[in-house]
$ cat input_6.cif   # mmCIF, C-alpha atoms
data_coords
loop_
_atom_site.label_atom_id
_atom_site.label_comp_id
_atom_site.auth_asym_id
_atom_site.auth_seq_id
_atom_site.Cartn_x
_atom_site.Cartn_y
_atom_site.Cartn_z
CA MET A 1 -27.09 -12.13 -31.12
CA ALA A 2 -29.59 -13.46 -28.57
CA THR A 3 -27.02 -15.93 -27.28
CA ILE A 4 -24.75 -13.28 -25.80
CA GLN A 5 -26.99 -12.17 -22.93
CA PRO A 6 -27.33 -15.40 -20.89
CA ILE A 7 -23.60 -16.04 -20.95
CA ALA A 8 -22.89 -12.56 -19.61
CA GLU A 9 -25.45 -13.05 -16.84
CA ASN A 10 -23.95 -16.34 -15.72
CA GLU A 11 -20.43 -15.01 -15.78
CA GLN A 12 -18.98 -14.93 -12.31
CA HIS A 13 -17.01 -11.97 -11.06
CA PRO A 14 -13.41 -13.17 -10.50
CA ASP A 15 -13.58 -11.98 -6.87
CA VAL A 16 -16.22 -14.57 -6.07
CA ALA A 17 -13.74 -17.42 -6.44
CA LEU A 18 -11.11 -15.57 -4.39
CA VAL A 19 -13.62 -14.92 -1.60
CA GLU A 20 -14.59 -18.59 -1.63
CA ARG A 21 -10.96 -19.68 -1.34
CA ALA A 22 -10.29 -17.16 1.44
CA ARG A 23 -13.33 -18.44 3.32
CA GLY A 24 -11.87 -21.91 3.06
CA GLY A 25 -8.73 -20.69 4.84
CA ASP A 26 -6.53 -19.81 1.86
CA VAL A 27 -4.81 -16.63 3.02
CA SER A 28 -3.03 -16.13 -0.30
CA ALA A 29 -6.44 -15.66 -1.95
CA TYR A 30 -7.24 -12.90 0.51
CA ASP A 31 -3.82 -11.36 -0.09
CA GLU A 32 -4.72 -11.18 -3.74
CA LEU A 33 -7.92 -9.28 -2.91
CA VAL A 34 -5.89 -6.93 -0.71
CA ARG A 35 -3.39 -6.20 -3.48
CA LYS A 36 -6.22 -5.60 -5.88
CA TYR A 37 -8.04 -3.02 -3.79
CA ASP A 38 -5.69 -1.61 -1.14
CA ARG A 39 -4.83 1.51 -3.16
CA GLN A 40 -8.48 2.40 -3.69
CA ILE A 41 -9.41 1.77 -0.06
CA PHE A 42 -6.50 3.90 1.13
CA ARG A 43 -7.47 6.76 -1.21
CA ILE A 44 -11.11 6.68 -0.13
CA ALA A 45 -10.09 6.69 3.54
CA GLN A 46 -7.68 9.56 2.96
CA HIS A 47 -10.34 11.59 1.11
CA ILE A 48 -12.80 11.16 3.97
CA THR A 49 -10.50 11.47 7.00
CA GLN A 50 -8.11 14.00 5.38
CA ASN A 51 -5.42 12.53 7.58
CA ARG A 52 -2.74 10.08 6.55
CA GLU A 53 -2.39 8.23 9.84
CA ASP A 54 -6.14 7.76 10.07
CA ALA A 55 -6.27 6.57 6.48
CA GLU A 56 -3.57 3.98 7.19
CA ASP A 57 -5.47 2.72 10.21
CA VAL A 58 -8.75 2.69 8.32
CA MET A 59 -7.27 0.67 5.47
CA GLN A 60 -5.85 -1.89 7.87
CA ASP A 61 -9.01 -2.10 9.99
CA ALA A 62 -11.30 -2.32 6.98
CA PHE A 63 -9.44 -5.26 5.45
CA LEU A 64 -9.17 -7.04 8.80
CA LYS A 65 -12.84 -6.50 9.53
CA ALA A 66 -13.81 -7.71 6.06
CA TYR A 67 -11.64 -10.79 6.60
CA GLU A 68 -13.33 -11.56 9.90
CA LYS A 69 -16.76 -11.02 8.40
CA LEU A 70 -16.21 -12.94 5.16
CA ASP A 71 -18.87 -15.43 6.20
CA GLN A 72 -21.41 -12.62 6.33
CA PHE A 73 -20.64 -11.50 2.81
CA GLN A 74 -23.76 -12.44 0.91
CA GLY A 75 -22.59 -11.98 -2.62
CA ASN A 76 -25.63 -9.82 -3.47
CA SER A 77 -23.24 -6.97 -4.05
CA LYS A 78 -19.70 -7.03 -5.37
CA PHE A 79 -16.93 -7.75 -2.88
CA TYR A 80 -15.38 -4.37 -3.73
CA THR A 81 -18.59 -2.46 -2.97
CA TRP A 82 -18.99 -4.35 0.30
CA LEU A 83 -15.40 -3.52 1.22
CA VAL A 84 -15.87 0.15 0.34
CA ARG A 85 -18.90 0.31 2.60
CA ILE A 86 -16.84 -1.04 5.51
CA ALA A 87 -14.05 1.47 4.78
CA VAL A 88 -16.47 4.42 4.58
CA ASN A 89 -17.99 3.46 7.94
CA GLU A 90 -14.57 3.01 9.52
CA SER A 91 -13.49 6.42 8.15
CA LEU A 92 -16.55 8.17 9.56
CA MET A 93 -16.03 6.47 12.93
CA ARG A 94 -12.44 7.62 12.97
CA LEU A 95 -13.49 11.22 12.22
CA ARG A 96 -16.07 11.06 14.98
CA ARG A 97 -13.43 9.92 17.43
CA ARG A 98 -11.07 12.69 16.39
CA ARG A 99 -13.80 15.24 16.95
CA THR A 100 -14.42 13.73 20.38
CA GLY A 101 -17.86 12.36 19.81
CA LYS A 102 -19.28 15.13 17.67
CA MET A 103 -21.62 13.54 15.15
CA VAL A 104 -20.13 13.14 11.74
CA SER A 105 -22.22 12.06 8.82
CA ILE A 106 -22.15 12.16 5.10
CA ASP A 107 -24.97 14.70 5.30
CA GLU A 108 -22.65 17.27 6.76
CA ASP A 109 -22.53 20.71 5.14
CA VAL A 110 -24.54 19.79 2.08
CA GLU A 111 -26.81 22.80 2.42
CA THR A 112 -24.42 25.14 0.66
CA GLU A 113 -25.74 26.54 -2.58
CA GLU A 114 -22.34 27.36 -3.99
CA GLY A 115 -21.71 25.81 -7.34
CA SER A 116 -25.33 25.18 -8.21
CA VAL A 117 -25.14 27.89 -10.84
CA PRO A 118 -21.85 28.15 -12.69
CA ARG A 119 -20.53 31.68 -12.33
CA ASP A 120 -17.03 31.68 -13.70
CA LEU A 121 -17.55 30.68 -17.27
CA ALA A 122 -14.18 31.50 -18.71
CA ASP A 123 -13.06 28.66 -20.92
CA TRP A 124 -9.98 26.69 -19.91
CA ALA A 125 -6.67 26.58 -21.68
CA PRO A 126 -6.13 23.46 -23.81
CA ASP A 127 -4.53 20.78 -21.57
CA PRO A 128 -4.45 23.25 -18.66
CA GLU A 129 -2.71 20.79 -16.33
CA GLN A 130 0.43 21.08 -18.42
CA ASN A 131 1.02 24.58 -17.05
CA TYR A 132 1.91 23.05 -13.70
CA THR A 133 4.49 20.59 -12.46
CA GLN A 134 3.19 17.26 -11.21
CA SER A 135 3.62 18.26 -7.57
CA GLU A 136 1.99 21.69 -8.08
CA LEU A 137 -0.91 20.05 -9.83
CA ASN A 138 -1.36 17.45 -7.08
CA ARG A 139 -1.33 20.22 -4.48
CA ILE A 140 -3.99 22.18 -6.41
CA LEU A 141 -6.17 19.11 -6.89
CA ARG A 142 -5.89 18.08 -3.24
CA LYS A 143 -6.59 21.58 -1.93
CA THR A 144 -9.57 21.96 -4.24
CA ILE A 145 -11.24 18.67 -3.39
CA GLN A 146 -10.56 19.13 0.32
CA GLY A 147 -12.61 22.32 0.18
CA LEU A 148 -15.76 20.44 -0.84
CA PRO A 149 -18.35 19.63 1.82
CA GLN A 150 -17.85 16.06 3.09
CA GLY A 151 -21.19 14.86 1.72
CA PHE A 152 -20.29 16.01 -1.79
CA ARG A 153 -16.68 14.92 -1.68
CA VAL A 154 -17.39 11.32 -0.75
CA VAL A 155 -19.99 10.97 -3.53
CA PHE A 156 -17.59 12.44 -6.10
CA VAL A 157 -14.74 10.19 -4.96
CA LEU A 158 -16.76 6.97 -5.03
CA ARG A 159 -18.62 7.70 -8.26
CA ASP A 160 -16.15 9.63 -10.42
CA VAL A 161 -12.72 8.73 -9.05
CA GLU A 162 -13.14 5.12 -7.92
CA GLY A 163 -15.70 4.19 -10.55
CA LEU A 164 -18.64 2.88 -8.51
CA SER A 165 -21.99 3.09 -10.30
CA THR A 166 -24.69 5.49 -9.10
CA GLU A 167 -26.58 2.53 -7.60
CA GLU A 168 -23.49 1.19 -5.82
CA THR A 169 -22.65 4.64 -4.46
CA ALA A 170 -26.21 5.01 -3.15
CA GLU A 171 -26.10 1.58 -1.55
CA THR A 172 -22.68 2.15 0.00
CA LEU A 173 -23.63 5.49 1.53
CA GLY A 174 -27.22 4.67 2.39
CA LEU A 175 -28.47 7.47 0.14
CA SER A 176 -31.25 7.50 -2.43
CA ILE A 177 -30.30 7.50 -6.10
CA PRO A 178 -31.67 11.05 -6.67
CA ALA A 179 -29.63 12.24 -3.67
CA VAL A 180 -26.46 10.72 -5.15
CA LYS A 181 -27.16 12.31 -8.52
CA SER A 182 -27.83 15.73 -7.06
CA ARG A 183 -24.74 15.68 -4.85
CA LEU A 184 -22.58 14.41 -7.68
CA LEU A 185 -23.67 17.21 -9.99
CA ARG A 186 -23.07 19.86 -7.35
CA ALA A 187 -19.69 18.36 -6.47
CA ARG A 188 -18.65 18.37 -10.11
CA LEU A 189 -19.78 21.94 -10.65
CA GLN A 190 -18.11 23.21 -7.48
CA LEU A 191 -14.84 21.52 -8.39
CA ARG A 192 -15.06 22.89 -11.92
CA GLU A 193 -15.66 26.38 -10.62
CA ARG A 194 -12.79 26.22 -8.13
CA LEU A 195 -10.36 24.74 -10.66
CA SER A 196 -11.18 27.54 -13.11
CA ARG A 197 -8.99 29.82 -11.02
CA TYR A 198 -5.98 27.80 -12.10
CA PHE A 199 -6.99 26.49 -15.48
CA LYS A 200 -8.78 29.29 -17.25
CA ARG A 201 -7.49 30.58 -20.51
CA LYS A 202 -5.61 33.82 -20.02
CA LYS A 203 -6.89 36.78 -21.97
CA VAL A 204 -4.42 38.56 -24.22
CA GLY A 205 -2.21 40.86 -22.16
CA GLU A 206 -3.27 39.24 -18.86
CA LYS A 207 -0.48 38.09 -16.58
CA MET B 1 -29.99 17.10 -17.57
CA LEU B 2 -26.41 18.33 -17.31
CA ASP B 3 -25.32 15.24 -15.41
CA ASP B 4 -26.83 12.89 -17.99
CA LEU B 5 -25.05 14.87 -20.64
CA ILE B 6 -21.74 14.67 -18.78
CA ASP B 7 -22.18 10.91 -18.36
CA GLU B 8 -23.46 10.53 -21.91
CA SER B 9 -26.43 8.58 -20.60
CA ILE B 10 -29.00 10.46 -22.57
CA ALA B 11 -31.67 9.20 -24.96
CA ALA B 12 -30.91 9.63 -28.66
CA GLU B 13 -33.81 11.96 -29.48
CA THR B 14 -33.08 14.26 -26.53
CA ARG B 15 -29.44 14.20 -27.47
CA SER B 16 -30.02 15.61 -30.93
CA GLU B 17 -32.20 18.40 -29.49
CA ILE B 18 -29.50 19.26 -27.01
CA GLU B 19 -26.75 19.12 -29.59
CA GLU B 20 -28.79 21.58 -31.62
CA HIS B 21 -28.93 23.90 -28.60
CA LEU B 22 -25.23 23.44 -27.84
CA ARG B 23 -24.30 24.66 -31.29
CA GLY B 24 -25.66 28.08 -30.39
CA CYS B 25 -24.76 28.25 -26.70
CA GLU B 26 -21.15 28.80 -25.75
CA HIS B 27 -22.11 29.00 -22.08
CA CYS B 28 -23.32 25.38 -22.10
CA VAL B 29 -20.45 24.10 -24.20
CA VAL B 30 -17.87 25.61 -21.83
CA THR B 31 -19.66 24.23 -18.76
CA LEU B 32 -19.94 20.79 -20.29
CA ASN B 33 -16.36 20.57 -21.54
CA THR B 34 -14.69 21.97 -18.44
CA THR B 35 -16.81 19.80 -16.14
CA ARG B 36 -15.85 16.72 -18.14
CA LYS B 37 -12.23 17.82 -17.95
CA THR B 38 -12.54 18.22 -14.17
CA ILE B 39 -13.66 14.61 -13.83
CA GLU B 40 -10.96 13.39 -16.20
CA ILE B 41 -8.20 15.19 -14.28
CA TYR B 42 -9.32 13.76 -10.94
CA ARG B 43 -9.70 10.31 -12.42
CA SER B 44 -6.25 10.26 -13.98
CA HIS B 45 -4.27 11.69 -11.04
CA SER B 46 -3.90 9.52 -8.01
CA LEU B 47 -3.64 12.12 -5.23
CA TYR B 48 -2.77 9.73 -2.45
CA GLU B 49 -0.27 6.95 -3.01
CA LEU B 50 -0.21 3.91 -0.80
CA PRO B 51 2.48 4.55 1.85
CA ASN B 52 5.53 2.28 1.77
CA GLY B 53 5.28 -0.74 3.96
CA LEU B 54 1.55 -0.43 4.60
CA ARG B 55 0.70 -3.47 2.49
CA GLU B 56 3.29 -5.56 4.35
CA ARG B 57 1.98 -4.34 7.70
CA LEU B 58 -1.52 -5.36 6.75
CA HIS B 59 -0.31 -8.76 5.58
CA LYS B 60 1.36 -9.29 8.97
CA ALA B 61 -1.80 -8.26 10.80
CA ILE B 62 -3.85 -10.71 8.75
CA MET B 63 -1.39 -13.54 9.42
CA GLU B 64 -1.47 -12.66 13.11
CA ARG B 65 -5.27 -12.83 13.01
CA CYS B 66 -5.01 -16.14 11.23
CA LYS B 67 -3.17 -17.76 14.09
CA LYS B 68 -6.42 -17.54 16.04
CA GLY B 69 -8.01 -19.51 13.26
CA CYS B 70 -8.49 -18.64 9.62
#

$ encode --input "input_6.cif" --output "structure tokens"
Amino acid sequence: MATIQPIAENEQHPDVALVERARGGDVSAYDELVRKYDRQIFRIAQHITQNREDAEDVMQDAFLKAYEKLDQFQGNSKFYTWLVRIAVNESLMRLRRRRTGKMVSIDEDVETEEGSVPRDLADWAPDPEQNYTQSELNRILRKTIQGLPQGFRVVFVLRDVEGLSTEETAETLGLSIPAVKSRLLRARLQLRERLSRYFKRKKVGEK
Amino acid sequence: MLDDLIDESIAAETRSEIEEHLRGCEHCVVTLNTTRKTIEIYRSHSLYELPNGLRERLHKAIMERCKKGC
């Protein structure tokens, strides 16, 4: 049993080799990294900017910037986490520009107390999403998550949707681990509360 | 505590205490299950698909950048 650990520690993330090849001038290796992560980067940018054109620009700029800065990539963090950090910064810059210089930060609007105590505790129908068509459901999910304060939304998206760890999310956003945990919990509870409107089990006789 | 429970990152002895409590508390069970469901729904539905042609546009931009030296 004791032999498993060292092997796992020495195991190299497959991105490391791709980054090495790309650094050596192999564009096809970088293309492979793009294809691997472009969907995630686009989604993150869209969640932060809430604007499709901006998200397209952010995705393009983030990958180009990462390409130009490949030499600065230290390998202390994963390539994906490093890339996400660039995309988050690009997204916030884009928002700032759109709001003509008004400061935008991931701390925005986090003071709200809504959602800290669950109010609507009606249970949900089994498989509640099946009561909606795919496009209705997407509209509900988009509208609901867009209503979250920016500082909660970005934590939820990185941690729960895109699968970064708590530590990676903290590092990417420059937040402490307790701050990430607290925002994540409040984001989850607020989303849960807001989705209850659509998903709760109907009482007998209720329309 | 709720977040550890949602993420199932809770120590075994605490877990059994909590499970004992959950058996008698519908309020907590509903919160836990519906919050887990919330995460699952968002995780399994991609709300924003990559627009057509964006990947190709990016590839072109990278190649263009490459002309100045890869």

$ interface_residues --input "input_6.cif" --of "chain A" --to "chain B" --cutoff "8 Å" --atoms "only C-alpha atoms" --output "MDAnalysis selection string"
chainID A and resid 23 25 27 31 35 38:39 42:43 46 56 60 64 118 121:124 138 141:142 160:162 181 185 188:189 191:192 195

$ resolve_selection --input "input_6.cif" --expression "the PyMOL selection byres ((chain A and resi 29) around 12)" --output "ChimeraX atom specification"
/A:14-28,30-36,67 /B:59

$ residues_around --input "input_6.cif" --residues "region 72-82 of chain A" --least-positions-apart "2" --cutoff "7 Å" --atoms "all atoms listed in the file" --output "PyMOL selection string"
chain A and resi 15+69-70+84-86+168+172

$ write_last_selection --input "input_6.cif" --atoms "C-alpha atoms" --output "mmCIF file, in the frame of the given file"
data_model
loop_
_atom_site.group_PDB
_atom_site.id
_atom_site.type_symbol
_atom_site.label_atom_id
_atom_site.label_comp_id
_atom_site.auth_asym_id
_atom_site.auth_seq_id
_atom_site.Cartn_x
_atom_site.Cartn_y
_atom_site.Cartn_z
ATOM 1 C CA ASP A 15 -13.580 -11.980 -6.870
ATOM 2 C CA LYS A 69 -16.760 -11.020 8.400
ATOM 3 C CA LEU A 70 -16.210 -12.940 5.160
ATOM 4 C CA VAL A 84 -15.870 0.150 0.340
ATOM 5 C CA ARG A 85 -18.900 0.310 2.600
ATOM 6 C CA ILE A 86 -16.840 -1.040 5.510
ATOM 7 C CA GLU A 168 -23.490 1.190 -5.820
ATOM 8 C CA THR A 172 -22.680 2.150 0.000
#

$ atom_distance --input "input_6.cif" --atom1 "CA of Ile48 (chain A)" --atom2 "CA of Ser91 (chain A)"
6.4 Å

$ atom_distance --input "input_6.cif" --atom1 "CA of Lys60 (chain B)" --atom2 "CA of Asn89 (chain A)"
23.2 Å
